[in-house]
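Novice: Next up, input39.cif (mmCIF, C-alpha atoms).
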data_structure
loop_
_atom_site.group_PDB
_atom_site.id
_atom_site.type_symbol
_atom_site.label_atom_id
_atom_site.label_comp_id
_atom_site.auth_asym_id
_atom_site.auth_seq_id
_atom_site.Cartn_x
_atom_site.Cartn_y
_atom_site.Cartn_z
ATOM 1 C CA MET W 1 27.843 0.579 -31.001
ATOM 2 C CA ALA W 2 25.460 3.321 -29.833
ATOM 3 C CA GLN W 3 22.498 1.026 -30.462
ATOM 4 C CA THR W 4 23.954 -1.820 -28.386
ATOM 5 C CA ILE W 5 24.674 0.623 -25.545
ATOM 6 C CA LEU W 6 21.029 1.743 -25.740
ATOM 7 C CA TYR W 7 19.840 -1.862 -25.516
ATOM 8 C CA ASN W 8 22.161 -2.406 -22.582
ATOM 9 C CA LEU W 9 20.515 0.529 -20.824
ATOM 10 C CA ILE W 10 17.099 -0.998 -21.570
ATOM 11 C CA GLN W 11 18.275 -4.256 -19.978
ATOM 12 C CA LEU W 12 19.434 -2.377 -16.890
ATOM 13 C CA LEU W 13 16.106 -0.543 -16.683
ATOM 14 C CA PHE W 14 14.342 -3.905 -17.027
ATOM 15 C CA VAL W 15 16.232 -5.274 -14.022
ATOM 16 C CA LEU W 16 15.753 -2.047 -12.054
ATOM 17 C CA GLY W 17 12.062 -1.756 -12.772
ATOM 18 C CA PHE W 18 10.844 -5.342 -12.576
ATOM 19 C CA ALA W 19 12.918 -6.688 -9.664
ATOM 20 C CA PRO W 20 10.488 -5.341 -7.023
ATOM 21 C CA LEU W 21 7.532 -6.607 -9.073
ATOM 22 C CA TYR W 22 9.124 -10.071 -9.197
ATOM 23 C CA ALA W 23 9.361 -10.081 -5.404
ATOM 24 C CA GLY W 24 5.803 -8.772 -5.059
ATOM 25 C CA VAL W 25 4.278 -11.371 -7.378
ATOM 26 C CA MET W 26 6.121 -14.192 -5.624
ATOM 27 C CA SER W 27 4.960 -12.985 -2.212
ATOM 28 C CA LYS W 28 1.363 -12.560 -3.411
ATOM 29 C CA LEU W 29 1.212 -16.025 -4.994
ATOM 30 C CA LYS W 30 2.698 -17.622 -1.920
ATOM 31 C CA GLU W 31 0.110 -15.943 0.311
ATOM 32 C CA ASN W 32 -2.733 -17.000 -2.019
ATOM 33 C CA VAL W 33 -1.578 -20.621 -2.006
ATOM 34 C CA GLN W 34 -1.654 -20.496 1.807
ATOM 35 C CA SER W 35 -5.253 -19.158 1.669
ATOM 36 C CA ARG W 36 -4.271 -15.687 2.835
ATOM 37 C CA ARG W 37 -4.949 -12.377 1.168
ATOM 38 C CA GLY W 38 -1.407 -11.074 1.271
ATOM 39 C CA PRO W 39 -0.027 -7.682 0.242
ATOM 40 C CA SER W 40 -0.379 -6.134 -3.190
ATOM 41 C CA VAL W 41 2.147 -7.080 -5.857
ATOM 42 C CA LEU W 42 3.140 -3.393 -5.824
ATOM 43 C CA GLN W 43 3.991 -3.413 -2.114
ATOM 44 C CA PRO W 44 7.784 -3.688 -2.700
ATOM 45 C CA TYR W 45 7.645 -0.446 -4.710
ATOM 46 C CA ARG W 46 5.808 1.261 -1.857
ATOM 47 C CA ASP W 47 8.334 -0.041 0.675
ATOM 48 C CA ILE W 48 11.292 1.238 -1.342
ATOM 49 C CA TRP W 49 9.620 4.621 -1.902
ATOM 50 C CA LYS W 50 8.843 4.936 1.811
ATOM 51 C CA LEU W 51 12.391 4.043 2.849
ATOM 52 C CA PHE W 52 13.911 6.561 0.442
ATOM 53 C CA HIS W 53 11.836 9.286 2.124
ATOM 54 C CA LYS W 54 12.818 8.352 5.665
ATOM 55 C CA ASP W 55 15.759 9.707 7.627
ATOM 56 C CA GLU W 56 18.871 7.560 7.737
ATOM 57 C CA VAL W 57 20.316 6.723 11.141
ATOM 58 C CA VAL W 58 23.941 5.559 11.209
ATOM 59 C CA SER W 59 25.696 4.197 14.282
ATOM 60 C CA SER W 60 28.619 6.226 15.607
ATOM 61 C CA GLN W 61 30.630 2.996 15.562
ATOM 62 C CA ALA W 62 30.116 2.466 11.830
ATOM 63 C CA THR W 63 33.026 2.843 9.418
ATOM 64 C CA TRP W 64 33.156 3.519 5.693
ATOM 65 C CA ILE W 65 32.264 -0.126 5.016
ATOM 66 C CA PHE W 66 28.799 0.368 6.474
ATOM 67 C CA ARG W 67 28.194 3.494 4.400
ATOM 68 C CA VAL W 68 29.529 2.125 1.093
ATOM 69 C CA THR W 69 27.936 -1.337 1.222
ATOM 70 C CA PRO W 70 24.339 -0.346 0.204
ATOM 71 C CA TYR W 71 25.626 1.295 -2.973
ATOM 72 C CA LEU W 72 27.818 -1.722 -3.736
ATOM 73 C CA VAL W 73 24.939 -4.159 -3.166
ATOM 74 C CA PHE W 74 22.788 -2.007 -5.456
ATOM 75 C CA ILE W 75 25.341 -1.617 -8.282
ATOM 76 C CA VAL W 76 26.742 -5.173 -8.482
ATOM 77 C CA PRO W 77 23.548 -6.809 -9.902
ATOM 78 C CA LEU W 78 23.344 -4.064 -12.531
ATOM 79 C CA PHE W 79 26.931 -4.723 -13.552
ATOM 80 C CA VAL W 80 26.251 -8.452 -13.859
ATOM 81 C CA ALA W 81 23.073 -7.675 -15.840
ATOM 82 C CA SER W 82 25.258 -6.006 -18.483
ATOM 83 C CA LEU W 83 27.139 -9.311 -18.953
ATOM 84 C CA ILE W 84 24.206 -11.690 -19.427
ATOM 85 C CA PRO W 85 21.389 -12.060 -21.996
ATOM 86 C CA VAL W 86 18.395 -10.382 -20.381
ATOM 87 C CA LEU W 87 16.512 -9.283 -23.517
ATOM 88 C CA THR W 88 18.810 -10.089 -26.472
ATOM 89 C CA ASP W 89 20.557 -13.280 -27.559
ATOM 90 C CA TYR W 90 23.469 -11.373 -29.131
ATOM 91 C CA PRO W 91 26.309 -9.709 -27.217
ATOM 92 C CA LEU W 92 25.820 -6.076 -26.274
ATOM 93 C CA ALA W 93 28.369 -3.364 -25.574
ATOM 94 C CA PHE W 94 29.813 -4.747 -22.330
ATOM 95 C CA ALA W 95 29.137 -8.461 -22.828
ATOM 96 C CA PHE W 96 32.799 -9.512 -22.961
ATOM 97 C CA MET W 97 33.950 -7.594 -19.878
ATOM 98 C CA GLY W 98 33.529 -10.814 -17.875
ATOM 99 C CA ASP W 99 32.188 -14.356 -18.069
ATOM 100 C CA MET W 100 29.760 -16.293 -15.866
ATOM 101 C CA LEU W 101 32.450 -17.043 -13.302
ATOM 102 C CA ALA W 102 33.321 -13.346 -13.012
ATOM 103 C CA GLY W 103 29.626 -12.547 -12.559
ATOM 104 C CA GLY W 104 29.437 -15.062 -9.732
ATOM 105 C CA PHE W 105 32.472 -13.515 -8.061
ATOM 106 C CA PHE W 106 30.953 -10.028 -8.330
ATOM 107 C CA LEU W 107 27.719 -11.207 -6.726
ATOM 108 C CA ALA W 108 29.749 -12.877 -3.983
ATOM 109 C CA LEU W 109 31.640 -9.594 -3.485
ATOM 110 C CA GLY W 110 28.383 -7.793 -2.730
ATOM 111 C CA GLY W 111 27.427 -10.492 -0.227
ATOM 112 C CA PHE W 112 30.866 -10.313 1.397
ATOM 113 C CA PHE W 113 30.620 -6.556 1.978
ATOM 114 C CA ALA W 114 27.051 -6.942 3.248
ATOM 115 C CA ALA W 115 28.317 -9.429 5.825
ATOM 116 C CA LEU W 116 31.121 -7.040 6.828
ATOM 117 C CA ALA W 117 28.623 -4.197 7.203
ATOM 118 C CA ALA W 118 26.449 -6.366 9.454
ATOM 119 C CA VAL W 119 29.418 -6.814 11.798
ATOM 120 C CA ASP W 120 30.561 -3.202 11.527
ATOM 121 C CA THR W 121 28.083 -1.602 13.934
ATOM 122 C CA GLY W 122 28.527 -4.076 16.788
ATOM 123 C CA ASN W 123 24.852 -5.080 16.889
ATOM 124 C CA PRO W 124 24.706 -8.626 18.364
ATOM 125 C CA TYR W 125 22.179 -9.848 15.780
ATOM 126 C CA GLY W 126 24.118 -8.581 12.758
ATOM 127 C CA PRO W 127 27.266 -10.667 13.336
ATOM 128 C CA MET W 128 25.102 -13.713 14.066
ATOM 129 C CA GLY W 129 23.337 -13.392 10.730
ATOM 130 C CA ALA W 130 26.588 -12.479 8.951
ATOM 131 C CA SER W 131 28.294 -15.646 10.167
ATOM 132 C CA ARG W 132 25.373 -17.732 8.933
ATOM 133 C CA THR W 133 25.414 -15.886 5.622
ATOM 134 C CA ARG W 134 29.106 -16.568 5.160
ATOM 135 C CA MET W 135 28.533 -20.229 6.008
ATOM 136 C CA VAL W 136 25.928 -20.433 3.230
ATOM 137 C CA GLY W 137 28.225 -18.492 0.886
ATOM 138 C CA PHE W 138 31.192 -20.702 1.728
ATOM 139 C CA LEU W 139 29.160 -23.770 0.780
ATOM 140 C CA ALA W 140 27.494 -22.188 -2.268
ATOM 141 C CA GLU W 141 30.575 -20.729 -3.975
ATOM 142 C CA PRO W 142 32.118 -24.144 -4.838
ATOM 143 C CA VAL W 143 28.798 -25.074 -6.450
ATOM 144 C CA PHE W 144 28.975 -21.849 -8.487
ATOM 145 C CA MET W 145 32.449 -22.756 -9.713
ATOM 146 C CA ILE W 146 31.666 -26.370 -10.578
ATOM 147 C CA VAL W 147 28.472 -25.356 -12.400
ATOM 148 C CA PHE W 148 30.359 -22.837 -14.524
ATOM 149 C CA PHE W 149 33.197 -25.281 -15.185
ATOM 150 C CA THR W 150 30.602 -27.812 -16.353
ATOM 151 C CA VAL W 151 29.109 -25.174 -18.643
ATOM 152 C CA SER W 152 32.558 -24.556 -20.087
ATOM 153 C CA PHE W 153 32.938 -28.294 -20.818
ATOM 154 C CA VAL W 154 29.581 -28.560 -22.573
ATOM 155 C CA ALA W 155 29.454 -25.209 -24.387
ATOM 156 C CA GLN W 156 33.224 -24.688 -24.745
ATOM 157 C CA SER W 157 32.768 -21.206 -23.265
ATOM 158 C CA THR W 158 31.708 -19.392 -20.100
ATOM 159 C CA ILE W 159 30.492 -16.269 -21.905
ATOM 160 C CA PRO W 160 26.709 -16.309 -21.234
ATOM 161 C CA TYR W 161 25.728 -15.310 -24.776
ATOM 162 C CA ILE W 162 27.831 -18.087 -26.320
ATOM 163 C CA VAL W 163 26.435 -20.629 -23.851
ATOM 164 C CA GLN W 164 22.886 -19.540 -24.699
ATOM 165 C CA GLN W 165 23.557 -20.021 -28.424
ATOM 166 C CA LYS W 166 24.980 -23.481 -27.708
ATOM 167 C CA TRP W 167 21.777 -24.684 -26.020
ATOM 168 C CA VAL W 168 19.556 -23.244 -28.759
ATOM 169 C CA ALA W 169 21.649 -24.711 -31.584
ATOM 170 C CA SER W 170 22.127 -28.150 -30.057
ATOM 171 C CA PRO W 171 19.005 -29.900 -28.683
ATOM 172 C CA THR W 172 21.153 -32.959 -27.982
ATOM 173 C CA ALA W 173 23.321 -31.009 -25.542
ATOM 174 C CA PHE W 174 20.245 -29.340 -24.054
ATOM 175 C CA PHE W 175 18.658 -32.677 -23.086
ATOM 176 C CA SER W 176 21.903 -34.361 -22.058
ATOM 177 C CA PRO W 177 22.235 -35.772 -18.515
ATOM 178 C CA ALA W 178 24.944 -33.206 -17.736
ATOM 179 C CA HIS W 179 22.631 -30.326 -18.592
ATOM 180 C CA ILE W 180 19.716 -31.705 -16.554
ATOM 181 C CA LEU W 181 21.961 -32.197 -13.511
ATOM 182 C CA LEU W 182 23.312 -28.708 -14.086
ATOM 183 C CA LEU W 183 19.801 -27.249 -13.952
ATOM 184 C CA ILE W 184 19.030 -29.018 -10.672
ATOM 185 C CA ALA W 185 22.259 -27.816 -9.043
ATOM 186 C CA PHE W 186 21.762 -24.231 -10.212
ATOM 187 C CA LEU W 187 18.146 -24.201 -8.997
ATOM 188 C CA MET W 188 19.316 -25.288 -5.551
ATOM 189 C CA LEU W 189 21.940 -22.568 -5.728
ATOM 190 C CA ILE W 190 19.296 -19.921 -6.535
ATOM 191 C CA LEU W 191 17.272 -20.978 -3.494
ATOM 192 C CA ALA W 192 20.346 -20.647 -1.286
ATOM 193 C CA GLU W 193 21.672 -17.373 -2.702
ATOM 194 C CA GLY W 194 18.213 -15.794 -2.811
ATOM 195 C CA GLY W 195 17.466 -16.665 0.802
ATOM 196 C CA ARG W 196 14.435 -18.761 -0.117
ATOM 197 C CA ILE W 197 12.930 -21.815 1.539
ATOM 198 C CA PRO W 198 14.275 -24.400 2.378
ATOM 199 C CA VAL W 199 17.509 -22.491 3.168
ATOM 200 C CA ASP W 200 15.980 -19.313 4.604
ATOM 201 C CA ASN W 201 12.554 -17.786 5.108
ATOM 202 C CA PRO W 202 12.418 -14.295 3.531
ATOM 203 C CA THR W 203 9.168 -13.460 5.364
ATOM 204 C CA GLY W 204 10.516 -14.333 8.821
ATOM 205 C CA HIS W 205 11.220 -11.508 11.259
ATOM 206 C CA PHE W 206 12.683 -13.419 14.212
ATOM 207 C CA GLU W 207 16.236 -12.101 14.573
ATOM 208 C CA LEU W 208 17.684 -15.328 15.966
ATOM 209 C CA ALA W 209 16.510 -17.288 12.892
ATOM 210 C CA MET W 210 17.345 -14.744 10.178
ATOM 211 C CA ILE W 211 20.115 -15.445 7.678
ATOM 212 C CA ASP W 212 19.958 -13.280 4.563
ATOM 213 C CA GLU W 213 17.651 -10.578 5.971
ATOM 214 C CA SER W 214 19.821 -10.054 9.057
ATOM 215 C CA LYS W 215 22.502 -8.299 6.999
ATOM 216 C CA GLY W 216 20.315 -5.230 6.628
ATOM 217 C CA LEU W 217 18.941 -4.969 10.163
ATOM 218 C CA GLU W 218 21.032 -1.911 11.038
ATOM 219 C CA TYR W 219 20.155 0.036 7.900
ATOM 220 C CA SER W 220 17.424 2.640 7.701
ATOM 221 C CA GLY W 221 16.238 5.195 5.190
ATOM 222 C CA ARG W 222 18.128 5.277 1.906
ATOM 223 C CA GLY W 223 20.564 2.539 2.968
ATOM 224 C CA ALA W 224 17.740 0.109 3.749
ATOM 225 C CA ALA W 225 16.045 0.919 0.428
ATOM 226 C CA LEU W 226 19.235 0.241 -1.541
ATOM 227 C CA MET W 227 19.872 -3.020 0.344
ATOM 228 C CA LYS W 228 16.321 -4.233 -0.284
ATOM 229 C CA TRP W 229 16.308 -3.169 -3.941
ATOM 230 C CA GLY W 230 19.776 -4.651 -4.532
ATOM 231 C CA GLY W 231 18.724 -7.985 -3.047
ATOM 232 C CA GLN W 232 15.675 -8.095 -5.298
ATOM 233 C CA MET W 233 17.777 -7.293 -8.361
ATOM 234 C CA LYS W 234 20.303 -9.987 -7.443
ATOM 235 C CA PHE W 235 17.529 -12.584 -7.331
ATOM 236 C CA LEU W 236 16.176 -11.415 -10.695
ATOM 237 C CA VAL W 237 19.659 -11.552 -12.250
ATOM 238 C CA LEU W 238 20.169 -15.123 -11.012
ATOM 239 C CA THR W 239 16.765 -16.002 -12.438
ATOM 240 C CA CYS W 240 17.677 -14.488 -15.808
ATOM 241 C CA ILE W 241 20.896 -16.517 -15.897
ATOM 242 C CA PHE W 242 18.961 -19.674 -15.077
ATOM 243 C CA LEU W 243 16.148 -19.059 -17.579
ATOM 244 C CA ASN W 244 17.829 -17.250 -20.479
ATOM 245 C CA VAL W 245 21.141 -19.130 -20.421
ATOM 246 C CA LEU W 246 20.377 -22.615 -19.101
ATOM 247 C CA LEU W 247 16.706 -23.604 -18.832
ATOM 248 C CA ALA W 248 14.717 -21.809 -21.546
ATOM 249 C CA PRO W 249 17.053 -19.811 -23.819
ATOM 250 C CA TRP W 250 14.250 -18.705 -26.154
ATOM 251 C CA GLY W 251 12.097 -15.612 -26.533
ATOM 252 C CA LEU W 252 15.037 -13.209 -26.687
ATOM 253 C CA ALA W 253 15.466 -10.610 -29.417
ATOM 254 C CA THR W 254 17.544 -12.010 -32.276
ATOM 255 C CA ASP W 255 18.255 -8.808 -34.203
ATOM 256 C CA LEU W 256 18.853 -5.098 -33.650
ATOM 257 C CA GLN W 257 15.289 -3.957 -34.333
ATOM 258 C CA VAL W 258 13.889 -1.936 -31.445
ATOM 259 C CA GLY W 259 10.457 -3.536 -31.787
ATOM 260 C CA HIS W 260 11.875 -7.015 -31.302
ATOM 261 C CA VAL W 261 13.840 -5.938 -28.221
ATOM 262 C CA LEU W 262 10.711 -4.401 -26.689
ATOM 263 C CA LEU W 263 8.679 -7.486 -27.633
ATOM 264 C CA ALA W 264 11.171 -9.608 -25.688
ATOM 265 C CA ILE W 265 10.145 -7.847 -22.455
ATOM 266 C CA PRO W 266 6.682 -9.462 -22.115
ATOM 267 C CA LEU W 267 8.054 -12.812 -23.315
ATOM 268 C CA ILE W 268 10.741 -12.784 -20.627
ATOM 269 C CA LEU W 269 8.174 -11.713 -18.028
ATOM 270 C CA VAL W 270 6.028 -14.717 -18.971
ATOM 271 C CA LYS W 271 9.007 -17.040 -18.468
ATOM 272 C CA ILE W 272 9.767 -15.424 -15.117
ATOM 273 C CA PHE W 273 6.124 -15.775 -14.046
ATOM 274 C CA LEU W 274 6.122 -19.499 -14.890
ATOM 275 C CA PHE W 275 9.359 -19.918 -12.967
ATOM 276 C CA THR W 276 7.778 -18.018 -10.059
ATOM 277 C CA LEU W 277 5.003 -20.618 -9.962
ATOM 278 C CA ILE W 278 7.644 -23.337 -9.616
ATOM 279 C CA LEU W 279 9.367 -21.458 -6.804
ATOM 280 C CA VAL W 280 6.059 -20.938 -5.005
ATOM 281 C CA MET W 281 5.311 -24.672 -5.262
ATOM 282 C CA ILE W 282 8.733 -25.444 -3.777
ATOM 283 C CA GLU W 283 8.375 -22.930 -0.947
ATOM 284 C CA THR W 284 4.868 -24.033 0.014
ATOM 285 C CA SER W 285 5.780 -27.732 -0.126
ATOM 286 C CA LEU W 286 8.936 -27.626 1.990
ATOM 287 C CA ALA W 287 9.817 -26.368 5.447
ATOM 288 C CA LYS W 288 12.798 -24.248 6.373
ATOM 289 C CA LEU W 289 15.800 -26.416 7.156
ATOM 290 C CA ARG W 290 17.521 -26.282 10.505
ATOM 291 C CA LEU W 291 20.800 -24.384 10.397
ATOM 292 C CA PHE W 292 23.068 -27.433 10.365
ATOM 293 C CA ARG W 293 20.970 -29.158 7.707
ATOM 294 C CA ILE W 294 21.749 -26.372 5.237
ATOM 295 C CA SER W 295 25.204 -27.849 4.717
ATOM 296 C CA GLU W 296 23.574 -31.115 3.649
ATOM 297 C CA PHE W 297 21.364 -29.260 1.151
ATOM 298 C CA LEU W 298 24.291 -27.407 -0.430
ATOM 299 C CA GLY W 299 26.450 -30.516 -0.198
ATOM 300 C CA ALA W 300 23.850 -32.307 -2.294
ATOM 301 C CA ALA W 301 23.966 -29.416 -4.789
ATOM 302 C CA PHE W 302 27.755 -29.749 -4.931
ATOM 303 C CA ILE W 303 27.569 -33.510 -5.553
ATOM 304 C CA ILE W 304 24.979 -32.982 -8.308
ATOM 305 C CA SER W 305 27.172 -30.346 -9.965
ATOM 306 C CA VAL W 306 30.217 -32.648 -9.786
ATOM 307 C CA ALA W 307 28.113 -35.448 -11.298
ATOM 308 C CA ALA W 308 27.128 -33.051 -14.079
ATOM 309 C CA MET W 309 30.780 -32.263 -14.774
ATOM 310 C CA ILE W 310 31.724 -35.954 -14.829
ATOM 311 C CA ALA W 311 28.798 -36.729 -17.159
ATOM 312 C CA SER W 312 29.862 -33.912 -19.490
ATOM 313 C CA ILE W 313 33.454 -35.227 -19.575
ATOM 314 C CA PHE W 314 32.320 -38.763 -20.374
ATOM 315 C CA SER W 315 29.839 -37.584 -23.008
ATOM 316 C CA SER W 316 32.502 -35.433 -24.707
ATOM 317 C CA GLY W 317 34.947 -38.354 -24.569
ATOM 318 C CA ALA W 318 32.396 -40.692 -26.135
ATOM 319 C CA ALA W 319 31.718 -38.180 -28.875
#
Reformat the file's structure so that it appears as structure tokens.

Specialist:
Amino acid sequence: MAQTILYNLIQLLFVLGFAPLYAGVMSKLKENVQSRRGPSVLQPYRDIWKLFHKDEVVSSQATWIFRVTPYLVFIVPLFVASLIPVLTDYPLAFAFMGDMLAGGFFLALGGFFAALAAVDTGNPYGPMGASRTRMVGFLAEPVFMIVFFTVSFVAQSTIPYIVQQKWVASPTAFFSPAHILLLIAFLMLILAEGGRIPVDNPTGHFELAMIDESKGLEYSGRGAALMKWGGQMKFLVLTCIFLNVLLAPWGLATDLQVGHVLLAIPLILVKIFLFTLILVMIETSLAKLRLFRISEFLGAAFIISVAAMIASIFSSGAA
């Protein structure tokens, strides 16, 4: 038990430590593809360090929601990271506290409070971005649910570790039409939830066009650092779910040896880097959608996820 708790702490440290690097590498690659020099891959670490050492200014109109939200946004991805296979393919100490659907609800809870905090201070740009964020969340959450229901049909479970073992043990299920459609829908969901192109532009600084970034406009100092760091960890957690559970469930530690767990770290980083290349190709090939076209994008993701569920039902019935 003590050993699995230790490995859980290593997983949390992995998410804490490499989430800013993930954002920095993606930004650097995107700038290089566009023939620009771009910031260093370590720039997110510098930004977080600088924000932690700045004074925090809080509006006199703010309530407890505004003050609590940065800590909630920061903690929720860490909680979800304790439920999913980040470095090991066997359940750790807290693996059965919740399934994939519960993890999705917890991530949505952080986004909900972030939207409330954006409205809390009365800044005109915050509520505008919060309403757009809730529109994206309202359209993305049904996709979350259908994707996880489809996983439960195929793998007979929504516990991430059990699902991961199902894909590794059954190549037939891994290459089934339901699984391929599932991957496409979840990739579209990552782009929406992570505020990436074509849904949102994370490098944009025009307040009237912001969606995800507008939730943290009123924060400064420690609050801004926690919001930024929490958003980066959320994106890394979604990536780990996509890679380690659905797309490439290999390279994880298979036993309790410390050396194998530590060896899994560079292997997972390689997978994340390859996935980053795919994301960079998507972001540099597409343009940001207009606001009312986002519903079409997420509607397509919903239809694909429903098609995946129907395909899984028919394939299980034929079997």

Novice: Translate the PyMOL selection byres ((chain W and resi 88) around 7) into a concrete residue list for this structure, as a PyMOL selection string.

Specialist: chain W and resi 85-87+89-90+252-254+261

Novice: Translate the PyMOL selection byres ((chain W and resi 27-44) around 10), as applied to the file shown, into an explicit residue set as a ChimeraX atom specification.

Specialist: /W:19-26,45-50,202-203,225,228-229,232,276-277,279-281,283-284

Novice: Apply the PyMOL selection byres ((chain W and resi 140) around 12) to the file shown and report the selected residues as a ChimeraX atom specification.

Specialist: /W:104-105,107-108,111,133-139,141-147,185-195,199,294-303,305

Novice: Could you name the residues that touch stretch 246-249 of chain W at 12 Å or less, counting only C-alpha atoms, but leaving out those on the same chain fewer than 2 positions away, as a PDB file with C-alpha atoms, in the frame of the given file?

Specialist:
ATOM      1  CA  ILE W  84      24.206 -11.690 -19.427  1.00  0.00           C
ATOM      2  CA  PRO W  85      21.389 -12.060 -21.996  1.00  0.00           C
ATOM      3  CA  VAL W  86      18.395 -10.382 -20.381  1.00  0.00           C
ATOM      4  CA  LEU W  87      16.512  -9.283 -23.517  1.00  0.00           C
ATOM      5  CA  THR W  88      18.810 -10.089 -26.472  1.00  0.00           C
ATOM      6  CA  ASP W  89      20.557 -13.280 -27.559  1.00  0.00           C
ATOM      7  CA  TYR W  90      23.469 -11.373 -29.131  1.00  0.00           C
ATOM      8  CA  MET W 100      29.760 -16.293 -15.866  1.00  0.00           C
ATOM      9  CA  VAL W 147      28.472 -25.356 -12.400  1.00  0.00           C
ATOM     10  CA  PHE W 148      30.359 -22.837 -14.524  1.00  0.00           C
ATOM     11  CA  THR W 150      30.602 -27.812 -16.353  1.00  0.00           C
ATOM     12  CA  VAL W 151      29.109 -25.174 -18.643  1.00  0.00           C
ATOM     13  CA  VAL W 154      29.581 -28.560 -22.573  1.00  0.00           C
ATOM     14  CA  ALA W 155      29.454 -25.209 -24.387  1.00  0.00           C
ATOM     15  CA  THR W 158      31.708 -19.392 -20.100  1.00  0.00           C
ATOM     16  CA  PRO W 160      26.709 -16.309 -21.234  1.00  0.00           C
ATOM     17  CA  TYR W 161      25.728 -15.310 -24.776  1.00  0.00           C
ATOM     18  CA  ILE W 162      27.831 -18.087 -26.320  1.00  0.00           C
ATOM     19  CA  VAL W 163      26.435 -20.629 -23.851  1.00  0.00           C
ATOM     20  CA  GLN W 164      22.886 -19.540 -24.699  1.00  0.00           C
ATOM     21  CA  GLN W 165      23.557 -20.021 -28.424  1.00  0.00           C
ATOM     22  CA  LYS W 166      24.980 -23.481 -27.708  1.00  0.00           C
ATOM     23  CA  TRP W 167      21.777 -24.684 -26.020  1.00  0.00           C
ATOM     24  CA  VAL W 168      19.556 -23.244 -28.759  1.00  0.00           C
ATOM     25  CA  ALA W 169      21.649 -24.711 -31.584  1.00  0.00           C
ATOM     26  CA  SER W 170      22.127 -28.150 -30.057  1.00  0.00           C
ATOM     27  CA  PRO W 171      19.005 -29.900 -28.683  1.00  0.00           C
ATOM     28  CA  ALA W 173      23.321 -31.009 -25.542  1.00  0.00           C
ATOM     29  CA  PHE W 174      20.245 -29.340 -24.054  1.00  0.00           C
ATOM     30  CA  PHE W 175      18.658 -32.677 -23.086  1.00  0.00           C
ATOM     31  CA  ALA W 178      24.944 -33.206 -17.736  1.00  0.00           C
ATOM     32  CA  HIS W 179      22.631 -30.326 -18.592  1.00  0.00           C
ATOM     33  CA  ILE W 180      19.716 -31.705 -16.554  1.00  0.00           C
ATOM     34  CA  LEU W 181      21.961 -32.197 -13.511  1.00  0.00           C
ATOM     35  CA  LEU W 182      23.312 -28.708 -14.086  1.00  0.00           C
ATOM     36  CA  LEU W 183      19.801 -27.249 -13.952  1.00  0.00           C
ATOM     37  CA  ILE W 184      19.030 -29.018 -10.672  1.00  0.00           C
ATOM     38  CA  ALA W 185      22.259 -27.816  -9.043  1.00  0.00           C
ATOM     39  CA  PHE W 186      21.762 -24.231 -10.212  1.00  0.00           C
ATOM     40  CA  LEU W 187      18.146 -24.201  -8.997  1.00  0.00           C
ATOM     41  CA  LEU W 238      20.169 -15.123 -11.012  1.00  0.00           C
ATOM     42  CA  THR W 239      16.765 -16.002 -12.438  1.00  0.00           C
ATOM     43  CA  CYS W 240      17.677 -14.488 -15.808  1.00  0.00           C
ATOM     44  CA  ILE W 241      20.896 -16.517 -15.897  1.00  0.00           C
ATOM     45  CA  PHE W 242      18.961 -19.674 -15.077  1.00  0.00           C
ATOM     46  CA  LEU W 243      16.148 -19.059 -17.579  1.00  0.00           C
ATOM     47  CA  ASN W 244      17.829 -17.250 -20.479  1.00  0.00           C
ATOM     48  CA  GLY W 251      12.097 -15.612 -26.533  1.00  0.00           C
ATOM     49  CA  LEU W 252      15.037 -13.209 -26.687  1.00  0.00           C
ATOM     50  CA  ALA W 253      15.466 -10.610 -29.417  1.00  0.00           C
ATOM     51  CA  THR W 254      17.544 -12.010 -32.276  1.00  0.00           C
ATOM     52  CA  ALA W 264      11.171  -9.608 -25.688  1.00  0.00           C
ATOM     53  CA  LEU W 267       8.054 -12.812 -23.315  1.00  0.00           C
ATOM     54  CA  ILE W 268      10.741 -12.784 -20.627  1.00  0.00           C
ATOM     55  CA  VAL W 270       6.028 -14.717 -18.971  1.00  0.00           C
ATOM     56  CA  LYS W 271       9.007 -17.040 -18.468  1.00  0.00           C
ATOM     57  CA  ILE W 272       9.767 -15.424 -15.117  1.00  0.00           C
ATOM     58  CA  LEU W 274       6.122 -19.499 -14.890  1.00  0.00           C
ATOM     59  CA  PHE W 275       9.359 -19.918 -12.967  1.00  0.00           C
TER      60      PHE W 275
END

Novice: Smallest atom-to-atom distance to W:Leu13: which of W:Ala118, W:Val237, W:Leu72, W:Leu78, using only C-alpha atoms?

Specialist: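 So, comparing all the options, the nearest one is W:Leu78.
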
Novice: Looking at W:Gly122, W:Gln61, W:Pro70, W:Asp55, which one is nearest to W:Gly230, with distances taken over only C-alpha atoms?

Specialist: W:Pro70

Novice: Which residue, W:Ala81, W:Ala62, W:Ala311, W:Val76, has the smallest gap to W:Asn123 when you use only C-alpha atoms?

Specialist: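 Distance minimum relative to W:Asn123 lands on W:Ala62.
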
Novice: Can you tell me how far atom CA of W:Leu217 sits from atom CA of W:Tyr125, in Å to one decimal?

Specialist: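 Computing the Euclidean distance for atom CA of W:Leu217 and atom CA of W:Tyr125 yields 8.1 Å.
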
Novice: Take atom CA of W:Ala93 and atom CA of W:Phe273 and report the distance between them in Å, one decimal.

Specialist: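 Interatomic distance, atom CA of W:Ala93 to atom CA of W:Phe273: 28.0 Å.
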
Novice: Quick check, in Å to one decimal: how far apart do atom CA of W:Met233 and atom CA of W:Arg67 lie?

Specialist: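 Between atom CA of W:Met233 and atom CA of W:Arg67 the gap is 19.7 Å.
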
Novice: Taking all listed atoms of stretch 13-23 of chain W, build the axis-aligned box, pad each of the six sides by 4 Å, then write its centre and edge lengths in Å to one decimal as lines of an AutoDock Vina configuration file.

Specialist:
center_x = 11.9
center_y = -5.3
center_z = -11.2
size_x = 16.7
size_y = 17.5
size_z = 19.6
